[in-house]
$ cat protein.csv   # CSV, C-alpha atoms and all ligand atoms
chain,number,residue,atom,x,y,z
R,213,MET,CA,141.3,29.9,142.5
R,214,GLU,CA,140.5,29.1,138.9
R,215,LEU,CA,137.2,31.0,139.0
R,216,ASN,CA,139.0,34.0,140.4
R,217,GLU,CA,141.6,33.9,137.7
R,218,TRP,CA,138.8,33.7,135.0
R,219,ILE,CA,137.0,36.7,136.6
R,220,MET,CA,140.3,38.7,136.7
R,221,THR,CA,141.1,38.1,133.1
R,222,ASN,CA,137.5,38.8,131.9
R,223,GLU,CA,136.5,41.4,134.5
R,224,VAL,CA,136.7,44.3,132.0
R,225,ILE,CA,134.6,42.5,129.4
R,226,ILE,CA,132.0,41.5,132.0
R,227,ARG,CA,131.7,45.0,133.4
R,228,LEU,CA,131.7,46.7,129.9
R,229,GLY,CA,129.1,44.1,128.7
R,230,PHE,CA,126.7,45.0,131.5
R,231,PHE,CA,127.4,48.8,131.2
R,232,PHE,CA,126.6,48.9,127.4
R,233,GLY,CA,123.7,46.5,127.7
R,234,ILE,CA,121.9,48.5,130.4
R,235,PHE,CA,122.9,51.8,128.8
R,236,ILE,CA,121.3,50.8,125.5
R,237,ILE,CA,118.1,49.6,127.2
R,238,MET,CA,117.8,52.8,129.3
R,239,ALA,CA,118.6,55.0,126.3
R,240,LEU,CA,115.9,53.4,124.2
R,241,TRP,CA,113.4,53.6,127.1
R,242,GLU,CA,114.2,57.3,127.3
R,243,LEU,CA,113.3,57.7,123.6
R,244,VAL,CA,110.0,55.8,123.9
R,245,ALA,CA,108.8,57.2,127.2
R,246,PRO,CA,110.7,60.4,128.3
R,247,ARG,CA,109.7,61.9,131.7
R,248,ARG,CA,110.9,65.5,131.0
R,249,GLU,CA,112.0,67.5,128.0
R,250,LEU,CA,115.7,68.1,127.9
R,251,THR,CA,116.9,71.8,128.2
R,252,VAL,CA,120.3,71.1,126.6
R,253,SER,CA,120.5,69.2,123.3
R,254,LYS,CA,121.1,65.5,123.7
R,255,VAL,CA,124.2,65.6,121.4
R,256,VAL,CA,125.9,68.2,123.6
R,257,ARG,CA,124.9,66.4,126.8
R,258,TRP,CA,126.0,63.0,125.6
R,259,ALA,CA,129.2,64.1,124.0
R,260,ASN,CA,130.4,65.8,127.1
R,261,ASN,CA,129.0,63.5,129.8
R,262,LEU,CA,130.2,60.4,128.0
R,263,GLY,CA,133.6,62.1,127.3
R,264,LEU,CA,134.0,62.6,131.1
R,265,ILE,CA,132.9,59.0,131.8
R,266,ILE,CA,135.4,57.5,129.2
R,267,PHE,CA,138.2,59.8,130.5
R,268,ASN,CA,137.5,58.5,134.1
R,269,SER,CA,137.6,54.9,133.1
R,270,PHE,CA,141.0,55.4,131.5
R,271,VAL,CA,142.4,57.2,134.6
R,272,LEU,CA,140.9,54.5,136.9
R,273,ARG,CA,142.4,51.7,134.9
R,274,LEU,CA,145.8,53.4,135.0
R,275,LEU,CA,145.8,54.2,138.7
R,276,PHE,CA,144.0,51.0,139.9
R,277,PRO,CA,144.6,48.2,137.4
R,278,LEU,CA,143.5,45.6,140.0
R,279,ALA,CA,140.1,47.3,140.5
R,280,ALA,CA,137.8,46.4,143.4
R,281,VAL,CA,137.6,42.7,142.4
R,282,GLY,CA,141.4,42.5,142.6
R,283,VAL,CA,141.4,43.9,146.1
R,284,ALA,CA,138.7,41.4,147.1
R,285,ILE,CA,140.8,38.5,145.8
R,286,PHE,CA,143.9,39.9,147.6
R,287,ALA,CA,141.9,40.2,150.9
R,288,THR,CA,140.6,36.6,150.5
R,289,GLU,CA,144.1,35.2,149.8
R,290,GLN,CA,145.6,37.1,152.8
R,291,GLY,CA,142.6,36.2,155.0
R,292,TRP,CA,142.0,39.8,155.7
R,293,GLY,CA,138.7,41.4,156.7
R,294,LEU,CA,135.9,40.4,159.0
R,295,LEU,CA,134.2,37.9,156.7
R,296,ASN,CA,137.5,36.1,156.0
R,297,TYR,CA,138.1,35.9,159.8
R,298,TYR,CA,134.6,34.8,160.9
R,299,THR,CA,133.3,32.2,158.6
R,300,ILE,CA,129.6,32.3,157.8
R,301,GLY,CA,127.9,30.6,154.9
R,302,THR,CA,128.8,31.9,151.5
R,303,SER,CA,125.3,33.0,150.5
R,304,LEU,CA,124.8,34.8,153.8
R,305,ALA,CA,128.3,36.4,153.3
R,306,VAL,CA,127.3,37.6,149.8
R,307,ILE,CA,124.1,39.2,151.1
R,308,VAL,CA,125.8,40.8,154.1
R,309,SER,CA,128.6,42.2,151.9
R,310,VAL,CA,126.3,43.7,149.2
R,311,VAL,CA,124.1,45.4,151.9
R,312,VAL,CA,127.1,46.7,153.9
R,313,MET,CA,128.9,48.0,150.8
R,314,ASP,CA,125.6,49.7,149.7
R,315,PHE,CA,125.3,51.3,153.1
R,316,CYS,CA,128.9,52.6,152.8
R,317,ILE,CA,128.0,54.3,149.5
R,318,TYR,CA,125.0,55.9,151.2
R,319,ILE,CA,127.1,57.3,154.0
R,320,GLN,CA,129.8,58.4,151.5
R,321,HIS,CA,127.1,60.2,149.5
R,322,VAL,CA,125.8,62.0,152.6
R,323,MET,CA,129.3,63.1,153.5
R,324,VAL,CA,130.1,64.5,150.0
R,325,HIS,CA,127.1,66.7,150.5
R,326,ALA,CA,128.0,67.7,154.1
R,327,ILE,CA,131.7,68.5,153.8
R,328,PRO,CA,132.4,71.7,151.7
R,329,VAL,CA,135.6,70.4,150.0
R,330,LEU,CA,133.9,67.2,149.0
R,331,TRP,CA,130.8,69.0,147.8
R,332,ARG,CA,133.1,70.9,145.4
R,333,LEU,CA,133.8,67.5,143.7
R,334,HIS,CA,130.3,66.1,144.0
R,335,ARG,CA,128.6,69.3,142.6
R,336,VAL,CA,129.9,68.2,139.1
R,337,HIS,CA,127.3,65.4,139.3
R,338,HIS,CA,124.6,67.8,140.5
R,339,ALA,CA,125.3,70.7,138.1
R,340,ASP,CA,123.9,68.7,135.2
R,341,LEU,CA,121.0,70.8,133.9
R,342,ASP,CA,119.1,67.8,132.8
R,343,TYR,CA,118.7,64.3,134.2
R,344,ASP,CA,119.2,61.3,132.0
R,345,VAL,CA,121.1,58.0,131.8
R,346,THR,CA,124.5,59.8,131.2
R,347,THR,CA,124.0,61.7,134.5
R,348,GLY,CA,124.3,58.4,136.3
R,349,ALA,CA,128.1,58.1,135.7
R,350,ARG,CA,128.9,61.8,135.4
R,351,PHE,CA,131.3,62.3,138.3
R,352,HIS,CA,134.5,64.4,138.6
R,353,THR,CA,137.6,62.3,138.2
R,354,LEU,CA,138.8,63.1,141.7
R,355,GLU,CA,135.5,62.0,143.2
R,356,ILE,CA,135.8,58.7,141.3
R,357,ILE,CA,139.3,58.2,142.7
R,358,LEU,CA,138.1,59.0,146.2
R,359,SER,CA,135.2,56.5,145.8
R,360,MET,CA,137.6,53.9,144.7
R,361,GLY,CA,139.9,54.5,147.7
R,362,ILE,CA,136.9,54.2,150.1
R,363,LYS,CA,135.7,51.1,148.4
R,364,PHE,CA,139.1,49.4,148.7
R,365,ALA,CA,139.3,50.3,152.4
R,366,VAL,CA,135.8,48.8,152.9
R,367,ILE,CA,136.7,45.6,151.1
R,368,LEU,CA,140.0,45.2,153.1
R,369,LEU,CA,138.1,45.6,156.4
R,370,LEU,CA,135.0,43.6,155.4
R,371,GLY,CA,136.7,40.8,153.4
R,372,PRO,CA,133.7,40.1,151.2
R,373,PRO,CA,133.5,37.0,148.9
R,374,VAL,CA,134.9,38.0,145.4
R,375,VAL,CA,131.5,37.2,143.8
R,376,ALA,CA,129.8,39.7,146.2
R,377,VAL,CA,132.1,42.5,144.9
R,378,ILE,CA,131.3,41.6,141.3
R,379,ILE,CA,127.5,41.5,142.1
R,380,PHE,CA,127.8,44.8,143.9
R,381,GLU,CA,129.8,46.6,141.2
R,382,ILE,CA,127.3,45.5,138.5
R,383,MET,CA,124.3,46.3,140.7
R,384,LEU,CA,125.6,49.8,141.5
R,385,ASN,CA,126.4,50.5,137.9
R,386,ALA,CA,123.0,49.2,136.7
R,387,THR,CA,120.9,51.0,139.3
R,388,ALA,CA,122.8,54.3,138.8
R,389,MET,CA,122.0,54.2,135.1
R,390,PHE,CA,118.4,53.1,135.8
R,391,ASN,CA,117.6,55.6,138.5
R,392,HIS,CA,119.1,58.6,136.6
R,393,SER,CA,117.1,57.8,133.5
R,394,ASN,CA,114.7,60.2,132.0
R,395,VAL,CA,112.0,57.6,131.9
R,396,ARG,CA,108.3,57.6,132.8
R,397,ILE,CA,107.1,54.8,135.0
R,398,PRO,CA,103.5,54.8,136.1
R,399,GLU,CA,103.1,55.9,139.8
R,400,ARG,CA,101.5,52.7,140.9
R,401,ILE,CA,104.4,50.7,139.6
R,402,ASP,CA,107.0,53.2,140.9
R,403,ASN,CA,105.4,53.0,144.4
R,404,ILE,CA,106.0,49.2,144.5
R,405,LEU,CA,109.4,49.3,142.8
R,406,ARG,CA,110.8,51.9,145.3
R,407,LEU,CA,110.3,49.6,148.2
R,408,LEU,CA,113.1,47.4,146.7
R,409,VAL,CA,115.2,49.7,144.5
R,410,VAL,CA,115.8,53.5,144.1
R,411,THR,CA,113.6,54.5,141.2
R,412,PRO,CA,114.1,57.5,138.7
R,413,ASP,CA,111.3,59.5,140.4
R,414,MET,CA,112.9,58.9,143.8
R,415,HIS,CA,116.4,59.9,142.9
R,416,ARG,CA,115.3,62.8,140.7
R,417,VAL,CA,114.2,64.6,143.9
R,418,HIS,CA,117.9,64.6,145.0
R,419,HIS,CA,118.8,66.5,141.8
R,420,SER,CA,116.4,69.4,142.6
R,421,ILE,CA,117.7,72.9,142.7
R,422,GLU,CA,115.9,73.3,146.1
R,423,ASP,CA,118.3,72.7,149.0
R,424,ASP,CA,116.0,70.6,151.2
R,425,GLU,CA,115.0,68.4,148.2
R,426,ALA,CA,118.7,67.9,147.2
R,427,ASN,CA,119.5,66.9,150.7
R,428,SER,CA,117.1,63.9,150.5
R,429,ASN,CA,117.2,60.5,148.9
R,430,PHE,CA,120.9,59.8,149.0
R,431,GLY,CA,120.5,56.1,148.3
R,432,PHE,CA,121.9,54.7,145.0
R,433,SER,CA,120.7,51.1,144.9
R,434,LEU,CA,118.8,50.1,148.1
R,435,PRO,CA,116.1,52.6,149.1
R,436,TRP,CA,116.0,51.6,152.7
R,437,TRP,CA,118.7,53.8,154.2
R,438,ASP,CA,116.9,57.0,153.4
R,439,ARG,CA,113.8,55.7,155.2
R,440,LEU,CA,115.8,54.4,158.1
R,441,PHE,CA,117.8,57.7,158.6
R,442,GLY,CA,115.0,60.1,157.9
R,443,THR,CA,116.4,61.5,154.6
R,444,TYR,CA,113.5,60.1,152.5
R,445,ARG,CA,111.4,62.5,150.5
R,446,ASP,CA,108.5,61.1,148.5
R,447,GLN,CA,108.1,63.7,145.6
R,448,PRO,CA,109.4,67.1,144.6
R,449,ARG,CA,107.2,70.1,145.5
R,450,GLY,CA,107.1,71.3,141.9
R,451,GLY,CA,106.2,67.9,140.4
R,452,HIS,CA,108.6,65.9,138.2
R,453,THR,CA,107.9,67.9,135.1
R,454,GLY,CA,107.8,71.3,136.9
R,455,MET,CA,110.8,71.0,139.1
R,456,THR,CA,114.2,72.6,138.2
R,457,ILE,CA,117.2,70.2,138.0
R,458,GLY,CA,120.7,71.3,138.9
R,459,ILE,CA,122.4,73.8,141.3
R,460,ARG,CA,121.1,77.3,141.8
R,461,SER,CA,124.5,79.1,141.2
R,462,TYR,CA,125.5,77.1,138.1
R,463,ARG,CA,123.1,77.5,135.2
R,464,ASP,CA,125.2,78.1,132.1
R,465,THR,CA,126.2,75.4,129.6
R,466,LYS,CA,129.8,76.5,129.6
R,467,HIS,CA,130.1,75.3,133.3
R,468,CYS,CA,127.4,72.7,133.5
R,469,SER,CA,127.7,70.9,130.1
R,470,TRP,CA,131.1,71.3,128.6
R,471,LEU,CA,133.7,68.8,129.6
R,472,SER,CA,136.3,71.6,130.3
R,473,GLY,CA,133.8,73.3,132.7
R,474,LEU,CA,133.1,70.0,134.5
R,475,LEU,CA,136.8,69.3,135.0
R,476,ILE,CA,137.6,72.7,136.5
R,477,MET,CA,134.3,73.1,138.5
R,478,PRO,CA,135.8,71.9,141.8
R,479,PHE,CA,138.4,74.6,141.7
R,480,ILE,CA,136.3,77.7,141.0
R,481,GLY,CA,134.3,79.9,143.3
R,482,LYS,CA,134.7,80.7,146.9
R,483,ILE,CA,134.6,78.0,149.6
R,484,SER,CA,130.9,77.7,149.7
R,485,ASP,CA,128.5,78.3,152.5
R,486,TYR,CA,127.2,74.8,151.8
R,487,ALA,CA,128.6,73.3,155.0
R,488,ILE,CA,125.9,71.4,156.8
R,489,ASN,CA,125.6,73.9,159.8
R,490,ARG,CA,125.5,77.0,157.6
R,491,ARG,CA,122.9,75.8,155.1
R,492,GLN,CA,120.1,78.3,154.3
R,493,TRP,CA,116.8,76.5,154.1
R,494,LYS,CA,114.4,78.4,152.0
R,495,ASP,CA,110.9,79.1,153.4
R,496,HIS,CA,108.2,77.4,151.6
R,497,GLU,CA,104.5,77.9,151.8
R,501,ZN,ZN,124.3,63.9,145.6
R,502,ZN,ZN,122.5,61.4,141.2

$ encode --input "protein.csv" --output "structure tokens"
Amino acid sequence: MELNEWIMTNEVIIRLGFFFGIFIIMALWELVAPRRELTVSKVVRWANNLGLIIFNSFVLRLLFPLAAVGVAIFATEQGWGLLNYYTIGTSLAVIVSVVVMDFCIYIQHVMVHAIPVLWRLHRVHHADLDYDVTTGARFHTLEIILSMGIKFAVILLLGPPVVAVIIFEIMLNATAMFNHSNVRIPERIDNILRLLVVTPDMHRVHHSIEDDEANSNFGFSLPWWDRLFGTYRDQPRGGHTGMTIGIRSYRDTKHCSWLSGLLIMPFIGKISDYAINRRQWKDHE
């Protein structure tokens, strides 16, 4: 249990270390090789997106001081969850856990698009008028709380090794920042990379203003679920520099960029016609 205790005491430092490390790398990469020009100034974008991200971390810490790692330790100690009940080798259990947890994130992502009340929360992520490293963690506080609840339930049912939860949390955080980055990666390299991980060009399609493109490429870390379930889309019709990012009905900075707009966004507008059976697909040539 000593390793578990060490992880618990240093969990914040470990996660913050990875967060800032990867954030700085991606931010510098965006400066050196940007994919698109930003439509809103970087100062405004970063101040508000990072403001929301910092606010969310405080709320999470307050509501769930144990975090996912704490729940995994609890499940292990109680012997709860499939993998604590049926013993398989540790390394296999780690691989199975990471893959299963990533699959749950994929399903959750599809659901927040399909169910109108959840789309209200998730559209805060999509209303970003640009696409850069800060988009990757820009979620409404209520969606973050919902995600955390789902993650806890998955951990209690699955009983993953504690180390698998740490690997998964770091992987999800790292890939979210990587694949939301405004970076240029040569197509040949991207084509190989996206066999293993969701790349910026792959996930950018999901942030298109076009409904059919936004309902593609739901994966966050592993790119296989989209291919397996038929939601994979190779490239945006308008090309990566020509496509429009965001949501059609939300185009002003007051709603889409300012922190106040982001926080109230789930509560404004009529219950949308975004439900999965009422969606209007645009005709394209
Ligand atoms: Zn989405
Ligand atoms: Zn996204």

$ atom_distance --input "protein.csv" --atom1 "CA of Ile285 in chain R" --atom2 "CA of Val374 in chain R"
5.9 Å

$ residues_near_ligand --input "protein.csv" --ligand "ligand ZN 501 (chain R)" --cutoff "12 Å" --atoms "all atoms listed in the file" --output "mmCIF file with C-alpha atoms, keeping the file's coordinate frame"
data_model
loop_
_atom_site.group_PDB
_atom_site.id
_atom_site.type_symbol
_atom_site.label_atom_id
_atom_site.label_comp_id
_atom_site.auth_asym_id
_atom_site.auth_seq_id
_atom_site.Cartn_x
_atom_site.Cartn_y
_atom_site.Cartn_z
ATOM 1 C CA ILE R 317 128.000 54.300 149.500
ATOM 2 C CA TYR R 318 125.000 55.900 151.200
ATOM 3 C CA ILE R 319 127.100 57.300 154.000
ATOM 4 C CA GLN R 320 129.800 58.400 151.500
ATOM 5 C CA HIS R 321 127.100 60.200 149.500
ATOM 6 C CA VAL R 322 125.800 62.000 152.600
ATOM 7 C CA MET R 323 129.300 63.100 153.500
ATOM 8 C CA VAL R 324 130.100 64.500 150.000
ATOM 9 C CA HIS R 325 127.100 66.700 150.500
ATOM 10 C CA ALA R 326 128.000 67.700 154.100
ATOM 11 C CA ILE R 327 131.700 68.500 153.800
ATOM 12 C CA LEU R 330 133.900 67.200 149.000
ATOM 13 C CA TRP R 331 130.800 69.000 147.800
ATOM 14 C CA ARG R 332 133.100 70.900 145.400
ATOM 15 C CA LEU R 333 133.800 67.500 143.700
ATOM 16 C CA HIS R 334 130.300 66.100 144.000
ATOM 17 C CA ARG R 335 128.600 69.300 142.600
ATOM 18 C CA VAL R 336 129.900 68.200 139.100
ATOM 19 C CA HIS R 337 127.300 65.400 139.300
ATOM 20 C CA HIS R 338 124.600 67.800 140.500
ATOM 21 C CA ALA R 339 125.300 70.700 138.100
ATOM 22 C CA ASP R 340 123.900 68.700 135.200
ATOM 23 C CA THR R 347 124.000 61.700 134.500
ATOM 24 C CA GLY R 348 124.300 58.400 136.300
ATOM 25 C CA ARG R 350 128.900 61.800 135.400
ATOM 26 C CA PHE R 351 131.300 62.300 138.300
ATOM 27 C CA GLU R 355 135.500 62.000 143.200
ATOM 28 C CA ALA R 388 122.800 54.300 138.800
ATOM 29 C CA HIS R 392 119.100 58.600 136.600
ATOM 30 C CA HIS R 415 116.400 59.900 142.900
ATOM 31 C CA ARG R 416 115.300 62.800 140.700
ATOM 32 C CA VAL R 417 114.200 64.600 143.900
ATOM 33 C CA HIS R 418 117.900 64.600 145.000
ATOM 34 C CA HIS R 419 118.800 66.500 141.800
ATOM 35 C CA SER R 420 116.400 69.400 142.600
ATOM 36 C CA ILE R 421 117.700 72.900 142.700
ATOM 37 C CA ASP R 423 118.300 72.700 149.000
ATOM 38 C CA GLU R 425 115.000 68.400 148.200
ATOM 39 C CA ALA R 426 118.700 67.900 147.200
ATOM 40 C CA ASN R 427 119.500 66.900 150.700
ATOM 41 C CA SER R 428 117.100 63.900 150.500
ATOM 42 C CA ASN R 429 117.200 60.500 148.900
ATOM 43 C CA PHE R 430 120.900 59.800 149.000
ATOM 44 C CA GLY R 431 120.500 56.100 148.300
ATOM 45 C CA PHE R 432 121.900 54.700 145.000
ATOM 46 C CA GLY R 458 120.700 71.300 138.900
ATOM 47 C CA ILE R 459 122.400 73.800 141.300
#

$ closest_residue --input "protein.csv" --among "R:Gly481, R:Gly371, R:Pro412, R:Gly454" --to "ligand ZN 502 (chain R)" --atoms "all atoms listed in the file"
R:Pro412

$ closest_residue --input "protein.csv" --among "R:Phe390, R:Phe270, R:Trp437, R:Phe479" --to "ligand ZN 502 (chain R)" --atoms "all atoms listed in the file"
R:Phe390

$ atom_distance --input "protein.csv" --atom1 "CA of Leu368 in chain R" --atom2 "CA of Thr288 in chain R"
9.0 Å

$ residues_around --input "protein.csv" --residues "range 396-399 of chain R" --least-positions-apart "4" --cutoff "10 Å" --atoms "all atoms listed in the file" --output "PyMOL selection string"
chain R and resi 241-242+244-248+403-405+411-413+452

$ closest_atom_pairs --input "protein.csv" --of "range 268-359 of chain R" --to "range 232-240 of chain R" --cutoff "9 Å" --atoms "all atoms listed in the file" --output "tab-separated table"
residue	atom	partner	partner_atom	distance
R:Asp344	CA	R:Ala239	CA	8.5
R:Val345	CA	R:Met238	CA	6.6
R:Thr346	CA	R:Phe235	CA	8.5

$ atom_distance --input "protein.csv" --atom1 "CA of Ala259 in chain R" --atom2 "CA of Val271 in chain R"
18.3 Å

$ residues_around --input "protein.csv" --residues "Ile357 in chain R" --least-positions-apart "5" --cutoff "12 Å" --atoms "only C-alpha atoms" --output "ChimeraX atom specification"
/R:268-276,279-280,333,351-352,362-364

$ closest_residue --input "protein.csv" --among "R:Tyr343, R:Trp258, R:Phe286, R:Phe267" --to "ligand ZN 502 (chain R)" --atoms "all atoms listed in the file"
R:Tyr343

$ closest_residue --input "protein.csv" --among "R:Leu341, R:Val409, R:Leu294, R:Val375" --to "Thr251 in chain R" --atoms "only C-alpha atoms"
R:Leu341

$ closest_residue --input "protein.csv" --among "R:Ser393, R:Phe441, R:Lys466, R:Leu471" --to "ligand ZN 502 (chain R)" --atoms "all atoms listed in the file"
R:Ser393

$ closest_residue --input "protein.csv" --among "R:Ile480, R:Ile300, R:Met414, R:Ile225" --to "ligand ZN 502 (chain R)" --atoms "all atoms listed in the file"
R:Met414
